[in-house]
$ cat entry_2.cif   # mmCIF, C-alpha atoms
data_model
#
loop_
_atom_site.label_atom_id
_atom_site.label_comp_id
_atom_site.auth_asym_id
_atom_site.auth_seq_id
_atom_site.Cartn_x
_atom_site.Cartn_y
_atom_site.Cartn_z
CA MET A 1 -2.75 9.92 -14.75
CA ILE A 2 -3.52 7.01 -17.05
CA ASN A 3 -6.87 6.18 -18.57
CA LEU A 4 -6.82 2.59 -19.77
CA LYS A 5 -8.75 2.74 -23.02
CA SER A 6 -8.01 -0.63 -24.58
CA PRO A 7 -8.71 -4.13 -23.23
CA GLY A 8 -5.05 -4.94 -23.87
CA GLU A 9 -3.84 -2.22 -21.50
CA ILE A 10 -6.23 -3.36 -18.78
CA ASP A 11 -5.09 -6.96 -19.26
CA LYS A 12 -1.46 -5.89 -18.76
CA MET A 13 -2.42 -4.11 -15.55
CA ARG A 14 -4.18 -7.29 -14.43
CA VAL A 15 -1.01 -9.30 -15.03
CA ALA A 16 1.12 -6.88 -13.00
CA GLY A 17 -1.48 -6.80 -10.24
CA ARG A 18 -1.66 -10.56 -10.06
CA VAL A 19 2.12 -10.83 -9.68
CA VAL A 20 1.98 -8.42 -6.74
CA ALA A 21 -0.89 -10.34 -5.16
CA GLU A 22 0.84 -13.70 -5.58
CA VAL A 23 4.11 -12.48 -4.08
CA LEU A 24 2.39 -10.83 -1.10
CA ASN A 25 0.44 -14.03 -0.50
CA ILE A 26 3.69 -16.01 -0.43
CA LEU A 27 5.28 -13.50 1.95
CA GLN A 28 2.27 -13.59 4.27
CA ASP A 29 2.65 -17.36 4.57
CA GLN A 30 6.32 -16.92 5.53
CA ILE A 31 5.76 -14.36 8.30
CA ARG A 32 6.52 -15.87 11.70
CA PRO A 33 8.65 -15.13 14.77
CA GLY A 34 12.35 -15.42 13.94
CA ILE A 35 12.27 -14.63 10.24
CA SER A 36 14.22 -11.56 9.17
CA THR A 37 12.84 -8.73 7.06
CA GLY A 38 15.83 -9.31 4.78
CA LYS A 39 14.75 -12.91 4.19
CA LEU A 40 11.28 -11.71 3.22
CA ASN A 41 12.91 -9.26 0.82
CA ALA A 42 14.99 -12.04 -0.76
CA ILE A 43 11.86 -14.17 -1.25
CA ALA A 44 10.07 -11.27 -2.92
CA GLU A 45 12.95 -10.67 -5.33
CA GLU A 46 13.17 -14.36 -6.19
CA GLU A 47 9.44 -14.66 -6.81
CA ALA A 48 9.38 -11.50 -8.94
CA ASN A 49 12.24 -12.85 -11.05
CA LYS A 50 10.36 -16.13 -11.57
CA ARG A 51 7.50 -14.11 -13.02
CA ASN A 52 9.68 -11.90 -15.26
CA ALA A 53 8.68 -8.90 -13.17
CA LEU A 54 10.82 -5.92 -12.19
CA ALA A 55 10.66 -5.29 -8.43
CA VAL A 56 10.35 -1.56 -8.93
CA PHE A 57 11.02 -0.31 -5.39
CA LYS A 58 14.66 -1.45 -5.53
CA ASN A 59 16.88 1.56 -6.24
CA TYR A 60 13.82 3.83 -6.42
CA PRO A 61 14.97 7.48 -6.22
CA ASN A 62 14.30 9.28 -2.95
CA PRO A 63 12.22 12.44 -3.50
CA ARG A 64 13.25 13.73 -0.05
CA GLY A 65 16.87 12.62 0.14
CA SER A 66 19.89 11.25 -1.69
CA ARG A 67 19.71 7.52 -0.94
CA PRO A 68 17.82 5.25 -3.37
CA PHE A 69 15.62 2.65 -1.69
CA PRO A 70 17.73 -0.49 -1.17
CA GLY A 71 15.01 -3.15 -0.98
CA ALA A 72 12.47 -4.89 -3.19
CA ILE A 73 9.87 -4.55 -0.44
CA CYS A 74 9.11 -1.93 2.16
CA ALA A 75 9.07 -3.80 5.48
CA SER A 76 7.64 -1.58 8.22
CA VAL A 77 7.40 -3.02 11.73
CA ASN A 78 5.17 -1.79 14.58
CA GLU A 79 5.53 2.03 14.82
CA GLU A 80 7.07 2.15 11.32
CA VAL A 81 4.40 3.51 9.00
CA VAL A 82 5.90 3.08 5.53
CA HIS A 83 9.22 2.68 3.70
CA GLY A 84 10.88 0.43 6.30
CA ILE A 85 14.17 -0.91 4.93
CA PRO A 86 14.48 -4.73 5.00
CA GLY A 87 17.56 -6.10 6.71
CA ILE A 88 18.74 -8.15 9.68
CA ARG A 89 15.81 -7.37 11.98
CA LEU A 90 14.12 -10.53 13.24
CA LEU A 91 10.36 -10.47 13.71
CA GLN A 92 9.13 -11.28 17.19
CA GLU A 93 5.89 -12.65 18.61
CA GLY A 94 3.46 -9.76 19.00
CA ASP A 95 4.97 -7.60 16.24
CA ILE A 96 3.05 -6.43 13.20
CA ILE A 97 4.66 -5.91 9.83
CA SER A 98 3.43 -3.90 6.85
CA ILE A 99 4.81 -5.07 3.51
CA ASP A 100 4.49 -2.82 0.47
CA PHE A 101 5.48 -4.35 -2.88
CA GLY A 102 5.37 -3.15 -6.47
CA VAL A 103 6.38 -4.47 -9.87
CA ILE A 104 6.43 -3.52 -13.51
CA VAL A 105 5.53 -6.24 -16.01
CA ASP A 106 5.49 -5.61 -19.75
CA GLY A 107 5.46 -1.86 -19.22
CA PHE A 108 2.67 -1.64 -16.61
CA ALA A 109 2.81 -1.36 -12.83
CA GLY A 110 1.11 -3.05 -9.90
CA ASP A 111 1.32 -1.98 -6.27
CA ALA A 112 -0.21 -3.28 -3.04
CA ALA A 113 0.43 -3.52 0.69
CA ILE A 114 -0.65 -5.73 3.58
CA THR A 115 -0.22 -5.63 7.35
CA VAL A 116 0.23 -8.96 9.11
CA ALA A 117 0.32 -9.90 12.77
CA VAL A 118 3.33 -11.95 13.87
CA GLY A 119 1.78 -14.59 16.09
CA GLU A 120 -0.67 -13.29 18.69
CA VAL A 121 -1.10 -9.53 19.09
CA GLU A 122 -3.03 -7.37 21.51
CA PRO A 123 -6.76 -6.96 20.74
CA GLN A 124 -6.42 -3.23 19.96
CA ILE A 125 -3.62 -3.97 17.48
CA LYS A 126 -5.73 -6.68 15.86
CA LYS A 127 -8.55 -4.15 15.57
CA LEU A 128 -6.17 -1.60 14.00
CA ILE A 129 -5.25 -4.08 11.27
CA ARG A 130 -8.86 -5.03 10.62
CA VAL A 131 -10.13 -1.45 10.49
CA THR A 132 -7.35 -0.34 8.14
CA GLU A 133 -8.19 -3.06 5.64
CA GLU A 134 -11.90 -2.34 5.96
CA ALA A 135 -11.27 1.38 5.41
CA LEU A 136 -9.43 0.55 2.19
CA MET A 137 -12.29 -1.60 0.92
CA LYS A 138 -14.87 1.06 1.78
CA GLY A 139 -12.79 3.63 -0.05
CA ILE A 140 -12.57 1.37 -3.10
CA GLU A 141 -16.38 1.11 -3.12
CA GLN A 142 -16.47 4.86 -3.81
CA ALA A 143 -14.27 4.52 -6.92
CA ARG A 144 -17.18 4.73 -9.35
CA VAL A 145 -17.71 6.66 -12.56
CA GLY A 146 -19.11 10.12 -11.79
CA ASN A 147 -18.00 10.16 -8.16
CA ARG A 148 -15.37 12.64 -7.03
CA LEU A 149 -11.95 11.55 -5.79
CA GLY A 150 -12.70 13.21 -2.44
CA ASN A 151 -15.43 10.65 -1.80
CA ILE A 152 -12.77 7.95 -1.60
CA SER A 153 -10.67 10.06 0.75
CA HIS A 154 -13.55 11.11 3.00
CA THR A 155 -14.91 7.57 3.32
CA ILE A 156 -11.54 6.19 4.40
CA GLN A 157 -11.00 8.96 6.96
CA THR A 158 -14.43 8.79 8.53
CA TYR A 159 -14.36 5.00 8.83
CA ALA A 160 -10.93 4.90 10.47
CA GLU A 161 -11.63 7.81 12.80
CA SER A 162 -15.02 6.42 13.84
CA ALA A 163 -13.13 3.38 15.15
CA GLY A 164 -10.88 5.60 17.28
CA PHE A 165 -7.81 5.66 15.03
CA SER A 166 -6.09 8.42 13.04
CA ILE A 167 -5.18 8.81 9.36
CA VAL A 168 -1.65 9.70 8.25
CA ARG A 169 -1.63 12.97 6.27
CA ASP A 170 1.96 13.11 5.07
CA PHE A 171 1.71 10.18 2.63
CA VAL A 172 -1.11 9.38 0.20
CA GLY A 173 -2.12 7.04 -2.58
CA HIS A 174 -1.58 7.77 -6.26
CA GLY A 175 -2.45 7.12 -9.83
CA ILE A 176 -0.74 4.11 -11.36
CA GLY A 177 -0.17 2.84 -14.88
CA ARG A 178 2.99 2.82 -16.95
CA LYS A 179 4.75 4.30 -13.93
CA MET A 180 4.44 3.31 -10.29
CA HIS A 181 3.50 6.83 -9.18
CA GLU A 182 1.30 8.96 -11.40
CA ASP A 183 -1.27 11.69 -10.90
CA PRO A 184 -3.64 12.18 -9.22
CA PRO A 185 -2.62 12.04 -5.56
CA VAL A 186 -5.20 10.02 -3.59
CA PRO A 187 -5.37 11.34 -0.01
CA ASN A 188 -6.90 9.21 2.73
CA TYR A 189 -8.58 12.23 4.31
CA GLY A 190 -10.61 15.21 3.19
CA LYS A 191 -14.05 16.48 2.31
CA PRO A 192 -16.48 14.63 0.02
CA ASP A 193 -17.44 15.84 -3.45
CA ARG A 194 -14.06 17.49 -4.03
CA GLY A 195 -11.29 16.74 -6.49
CA PRO A 196 -11.32 15.21 -9.98
CA THR A 197 -14.42 13.45 -11.29
CA LEU A 198 -13.73 9.74 -11.64
CA GLN A 199 -13.86 8.27 -15.14
CA ALA A 200 -13.86 4.79 -16.62
CA GLY A 201 -10.33 3.58 -17.22
CA MET A 202 -8.73 5.54 -14.39
CA ALA A 203 -6.21 3.40 -12.49
CA LEU A 204 -5.50 4.24 -8.85
CA ALA A 205 -3.43 2.85 -5.99
CA ILE A 206 -5.45 3.49 -2.83
CA GLU A 207 -3.50 3.02 0.41
CA PRO A 208 -4.69 4.11 3.86
CA MET A 209 -2.05 4.34 6.58
CA VAL A 210 -3.83 4.27 9.95
CA ASN A 211 -2.24 4.97 13.34
CA LEU A 212 -3.18 3.64 16.74
CA GLY A 213 -2.38 7.05 18.25
CA ALA A 214 -2.01 10.50 16.71
CA TYR A 215 -1.44 10.99 12.98
CA GLY A 216 1.94 12.76 13.24
CA VAL A 217 4.94 11.03 11.64
CA TYR A 218 8.58 11.74 10.87
CA THR A 219 11.33 10.21 8.73
CA LYS A 220 14.31 8.59 10.46
CA GLY A 221 17.94 9.29 9.67
CA ASP A 222 18.13 6.51 7.07
CA GLU A 223 16.15 8.94 4.81
CA TRP A 224 13.36 6.40 4.24
CA THR A 225 11.75 4.83 7.31
CA VAL A 226 8.67 6.79 8.40
CA VAL A 227 7.58 6.27 12.03
CA THR A 228 4.81 7.59 14.25
CA LYS A 229 5.82 10.53 16.41
CA ASP A 230 4.22 8.99 19.50
CA GLY A 231 5.78 5.56 18.94
CA LYS A 232 2.43 3.80 18.63
CA HIS A 233 1.68 1.17 16.01
CA SER A 234 0.58 1.85 12.44
CA ALA A 235 -1.09 -0.34 9.79
CA HIS A 236 -1.08 -0.03 6.00
CA PHE A 237 -3.15 -1.69 3.28
CA GLU A 238 -3.15 -0.94 -0.44
CA HIS A 239 -4.73 -2.17 -3.66
CA SER A 240 -4.32 -1.12 -7.27
CA ILE A 241 -7.68 -0.72 -9.00
CA VAL A 242 -9.12 0.29 -12.34
CA ILE A 243 -12.49 2.02 -12.55
CA GLY A 244 -14.94 0.31 -14.89
CA GLU A 245 -18.36 1.34 -16.10
CA GLN A 246 -19.89 -1.08 -13.58
CA GLY A 247 -17.59 -0.14 -10.69
CA PRO A 248 -14.04 -0.68 -9.46
CA GLU A 249 -11.98 -3.75 -10.32
CA ILE A 250 -9.29 -4.68 -7.79
CA LEU A 251 -6.20 -5.70 -9.74
CA THR A 252 -4.09 -6.87 -6.78
CA LEU A 253 -6.56 -9.31 -5.22
CA LEU A 254 -6.19 -13.02 -5.81
#
$ encode --input "entry_2.cif" --output "structure tokens"
Amino acid sequence: MINLKSPGEIDKMRVAGRVVAEVLNILQDQIRPGISTGKLNAIAEEEANKRNALAVFKNYPNPRGSRPFPGAICASVNEEVVHGIPGIRLLQEGDIISIDFGVIVDGFAGDAAITVAVGEVEPQIKKLIRVTEEALMKGIEQARVGNRLGNISHTIQTYAESAGFSIVRDFVGHGIGRKMHEDPPVPNYGKPDRGPTLQAGMALAIEPMVNLGAYGVYTKGDEWTVVTKDGKHSAHFEHSIVIGEQGPEILTLL
């Protein structure tokens, strides 16, 4: 876990976060029927290189298998929850795609995710996307000095479940700083007033994964792609934040 004590460290986190936000914004503008997930990946790599940023997901070691992650982005379509591998798949009208992207710039990391509808989608799918992003923002509101980490988790869970959706348990958010994944884990479910007390300078990547159906998931044979057990859609949003004395600052928001 990193506590950013100096203005210079926070500024470096802001730079990394802005790169992530800019690249995701570019990718969102490119999402349309007929584009491949591999093309989106190539755009992300190119844009990261332009900004002297290391696309940190590429060749990231697999904690549950032997195959490093082959892409610069995670591109997860429909029932794919996280860690979808970009490739030849063409997006179709009515799909949704979750894109997770992270970089390291000048020794500090940024990480964020968005879910985007491809053309027109069913009303319930549109609601899933909206509620997932809203759950993230409500969780971020709880990232205040003196609060407990569990308040973030509980707020996300109760908001998503009150809308009729379920929260993935197998994958959680994380601390972030000089490394992409640091302590503490940041679950998207749990009881309030539990876990570490939040302090100024703590940097977190908060990332609810919300399912249309049940919360069960499994990993496919490619060792990376996580899908819902019931085959129903999933959405994923993420921001990197730093906790300030006056509240949370979102580092990956343009």
$ atom_distance --input "entry_2.cif" --atom1 "CA of Gly139 (chain A)" --atom2 "CA of Ala205 (chain A)"
11.1 Å
$ resolve_selection --input "entry_2.cif" --expression "the PyMOL selection byres ((chain A and resi 60-64) around 12)" --output "ChimeraX atom specification"
/A:54-59,65-74,83,102-103,179-181,219-226
$ atom_distance --input "entry_2.cif" --atom1 "CA of Gly195 (chain A)" --atom2 "CA of His154 (chain A)"
11.3 Å
$ resolve_selection --input "entry_2.cif" --expression "the PyMOL selection byres ((chain A and resi 33-46) around 8)" --output "ChimeraX atom specification"
/A:23-24,27,30-32,47-50,55,71-73,75,86-93,118-119
$ closest_residue --input "entry_2.cif" --among "A:Thr155, A:Thr132, A:Asn25, A:Asn188" --to "Leu212 (chain A)" --atoms "only C-alpha atoms"
A:Thr132
$ residues_near_point --input "entry_2.cif" --point "(6.2, 0.2, 11.9)" --cutoff "8 Å" --atoms "only C-alpha atoms" --output "VMD selection string"
chain A and resid 76 to 82 84 96 to 98 226 to 228 233 to 235
$ resolve_selection --input "entry_2.cif" --expression "the PyMOL selection byres ((chain A and resi 182-186) around 9)" --output "PyMOL selection string"
chain A and resi 1-2+149-150+152-153+172-181+187-189+196+204-207
$ write_last_selection --input "entry_2.cif" --atoms "C-alpha atoms" --output "PDB file, keeping the file's coordinate frame"
ATOM      1  CA  MET A   1      -2.750   9.920 -14.750  1.00  0.00           C
ATOM      2  CA  ILE A   2      -3.520   7.010 -17.050  1.00  0.00           C
ATOM      3  CA  LEU A 149     -11.950  11.550  -5.790  1.00  0.00           C
ATOM      4  CA  GLY A 150     -12.700  13.210  -2.440  1.00  0.00           C
ATOM      5  CA  ILE A 152     -12.770   7.950  -1.600  1.00  0.00           C
ATOM      6  CA  SER A 153     -10.670  10.060   0.750  1.00  0.00           C
ATOM      7  CA  VAL A 172      -1.110   9.380   0.200  1.00  0.00           C
ATOM      8  CA  GLY A 173      -2.120   7.040  -2.580  1.00  0.00           C
ATOM      9  CA  HIS A 174      -1.580   7.770  -6.260  1.00  0.00           C
ATOM     10  CA  GLY A 175      -2.450   7.120  -9.830  1.00  0.00           C
ATOM     11  CA  ILE A 176      -0.740   4.110 -11.360  1.00  0.00           C
ATOM     12  CA  GLY A 177      -0.170   2.840 -14.880  1.00  0.00           C
ATOM     13  CA  ARG A 178       2.990   2.820 -16.950  1.00  0.00           C
ATOM     14  CA  LYS A 179       4.750   4.300 -13.930  1.00  0.00           C
ATOM     15  CA  MET A 180       4.440   3.310 -10.290  1.00  0.00           C
ATOM     16  CA  HIS A 181       3.500   6.830  -9.180  1.00  0.00           C
ATOM     17  CA  PRO A 187      -5.370  11.340  -0.010  1.00  0.00           C
ATOM     18  CA  ASN A 188      -6.900   9.210   2.730  1.00  0.00           C
ATOM     19  CA  TYR A 189      -8.580  12.230   4.310  1.00  0.00           C
ATOM     20  CA  PRO A 196     -11.320  15.210  -9.980  1.00  0.00           C
ATOM     21  CA  LEU A 204      -5.500   4.240  -8.850  1.00  0.00           C
ATOM     22  CA  ALA A 205      -3.430   2.850  -5.990  1.00  0.00           C
ATOM     23  CA  ILE A 206      -5.450   3.490  -2.830  1.00  0.00           C
ATOM     24  CA  GLU A 207      -3.500   3.020   0.410  1.00  0.00           C
TER      25      GLU A 207
END
$ closest_residue --input "entry_2.cif" --among "A:Met137, A:Ala203, A:Ala112, A:Ala53" --to "Tyr159 (chain A)" --atoms "all atoms listed in the file"
A:Met137
$ atom_distance --input "entry_2.cif" --atom1 "CA of Asp111 (chain A)" --atom2 "CA of Ser240 (chain A)"
5.8 Å
$ closest_residue --input "entry_2.cif" --among "A:Ser166, A:Asn52, A:Asn211, A:Thr252" --to "Gly107 (chain A)" --atoms "only C-alpha atoms"
A:Asn52
$ residues_around --input "entry_2.cif" --residues "region 120-125 of chain A" --least-positions-apart "4" --cutoff "7 Å" --atoms "only C-alpha atoms" --output "MDAnalysis selection string"
chainID A and resid 93:95 129
